[in-house]
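Okay, structure first, notes after.
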Amino acid sequence: MDEILGVNTLSINKVMVIGSGQMGSGIAQVLAQAGYSVILNDIKQEFVDGAVAKISKQLDRSVEKGRLAAADAEATVARIVTSVDYADAKDVDLVIEAATERRDIKLNIFKQLDEITPAHAILASNTSSLSITEIAAATNRPNQVVGLHFFNPVPVMKLIEINIGLTTDEATVAAMREVGESLNKTLVEVKDAPGFVVNRILIPMINEAIIVLNEGISTAAEIDEAMKAGANHPMGPLALADLIGLDTVLAIMNVLYEGYSDSKYRPAQLLKKKVEAGHLGRKTGQGFFEY
């Protein structure tokens, strides 16, 4: 244990990342680049193998551009081992869950991890909107459960929201500050509330852009151009929705709507229809734009 500001904090060395999709693979990459031993877990071996191959390609591109030494790229990949069994978390110091944004799935994962991981291990969720307090209550270590909300793409985006549940203790928060700082990220501490900070502000803005589109006030391209040129946004809200995934945008809007019981968070009808049609954005090739 290390002593920081009078609080005993856990030294984190070995981390399991659950979920090898875009977020999970990005989290695994930045952890491995920072020197952590990483176990990348998913439900199928082909998923984790594909994620490691993707990480390797991204690192190779950085080497080609002169941003990273070839030896560092090789060392990063060597620090990542793959897993399809939660039992591999038996000796980790930290788990970061980056599974699909469904309450039932996340609660089940945390219940299992609570039984497998050592008593000192911290259990963190990359959830973008769900209650950390509720997730913590599914375990026998609610003081060691915290939110670590990374942003996409993880190797590029600087922010981590440290989401603090009602039962999260200061030693856990301090340990997560250490991890975040070691990744050279900007850290913002947030009290547990639906949507936290960024998504509570950002996702309703995207939802409003969808309503504007549905009302025929302007085209998708013009809405995005207006926000880029008029509000200095690097990407328009509809293109951003496609990047995030319209199913994820809808899931977060539903969490906000249910969590606050406020009509201003009601999901746009066009958003619901897009999801029903399977037009989820970049990952399906069609959303508000075609890819």
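Residues in the structure tokens are numbered from 1 in each chain, the chains being A, B, ... in the order shown, and ligands are numbered from 1 in the order shown.
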
- request: Name the residues of segment 41-194 of chain A that come out as strand (DSSP E or B) in a backbone DSSP run; write them as an NGL selection string.
  value: :A and (41 or 80-83 or 94-97 or 122-125 or 145-150 or 159-164 or 186-191)

Keeping only C-alpha atoms, write those residues as a compact mmCIF listing (two decimals), in the first residue's frame.
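out-v4.txt, written as the output of this step:
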```txt
# COMPACT_ATOMS: atom_id res chain seq x y z
CA ASN A 41 -11.36 -10.56 -21.53
CA ILE A 80 -1.55 -7.90 -23.02
CA VAL A 81 -2.77 -11.47 -22.53
CA THR A 82 -6.20 -12.67 -23.63
CA SER A 83 -8.94 -14.34 -21.61
CA LEU A 94 -8.15 -3.78 -10.68
CA VAL A 95 -10.92 -4.78 -13.06
CA ILE A 96 -12.32 -2.28 -15.57
CA GLU A 97 -15.62 -3.45 -17.03
CA ILE A 122 -10.98 -2.54 -7.03
CA LEU A 123 -13.93 -3.13 -9.37
CA ALA A 124 -14.48 -0.29 -11.84
CA SER A 125 -17.07 0.26 -14.55
CA VAL A 145 -16.50 -0.06 -6.59
CA VAL A 146 -16.05 3.06 -8.72
CA GLY A 147 -16.74 4.42 -12.18
CA LEU A 148 -13.90 5.03 -14.62
CA HIS A 149 -15.56 6.56 -17.67
CA PHE A 150 -13.13 6.79 -20.59
CA LEU A 159 -10.74 12.80 -20.16
CA ILE A 160 -11.63 10.22 -17.53
CA GLU A 161 -14.66 10.82 -15.33
CA ILE A 162 -14.07 9.23 -11.92
CA ASN A 163 -17.64 8.46 -10.90
CA ILE A 164 -17.99 8.17 -7.14
CA THR A 186 -7.34 14.66 -17.41
CA LEU A 187 -9.41 13.60 -14.40
CA VAL A 188 -12.76 14.97 -13.28
CA GLU A 189 -14.42 13.62 -10.15
CA VAL A 190 -18.18 13.28 -10.43
CA LYS A 191 -20.85 12.36 -7.90
```

task: Would you kindly return, as a PyMOL selection string, each protein, DNA or RNA residue with an atom no farther than 8 Å from any atom of segment 219-227 of chain A, considering only C-alpha atoms and excluding same-chain residues fewer than 5 positions away?
output: chain A and resi 209+213+232-233+235-239+288-289

Tell me, counting only C-alpha atoms, for each residue of segment 54-137 of chain A within 12 Å of segment 252-275 of chain A, which pair of atoms is nearest and how far apart they are in Å to one decimal, in rows ordered by chain and increasing number, as CSV.
```
residue,atom,partner,partner_atom,distance
A:Thr100,CA,A:Ile252,CA,11.8
A:Glu101,CA,A:Ile252,CA,8.4
A:Arg102,CA,A:Ile252,CA,10.1
A:Arg103,CA,A:Val255,CA,10.0
A:Thr127,CA,A:Ile252,CA,9.9
A:Ser128,CA,A:Ile252,CA,7.5
A:Ser129,CA,A:Ile252,CA,6.0
A:Leu130,CA,A:Val255,CA,7.1
A:Ser131,CA,A:Gly259,CA,9.4
```

query: Between atom CA of Gln22 of chain A and atom CA of Asp42 of chain A, what is the spacing in Å?
result: 12.3 Å

query: From the list A:Met157, A:Glu170, A:Lys54, A:Ser182, which residue is nearest Asn13 of chain A when using only C-alpha atoms?
result: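 Counting only C-alpha atoms, the residue closest to Asn13 of chain A is A:Ser182.
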
query: Leaving out His279 of chain A and any residue of its chain fewer than 6 positions from it, which residues lie within 9 Å of it when counting only C-alpha atoms, given as an NGL selection string?
result: :A and (246-247 or 273 or 285-288)

message: Report, in Å to a single decimal, how far apart atom CA of Lys185 of chain A and atom CA of Gly19 of chain A are.
response: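 We find that atom CA of Gly19 of chain A and atom CA of Lys185 of chain A lie 20.9 Å from each other.
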
message: Please list as number ranges by chain every residue within 8 Å of Ile55 of chain A, counting only C-alpha atoms and excluding residues in the same chain fewer than 3 positions away.
response: A: 25-26, 29, 51-52, 58-59, 77
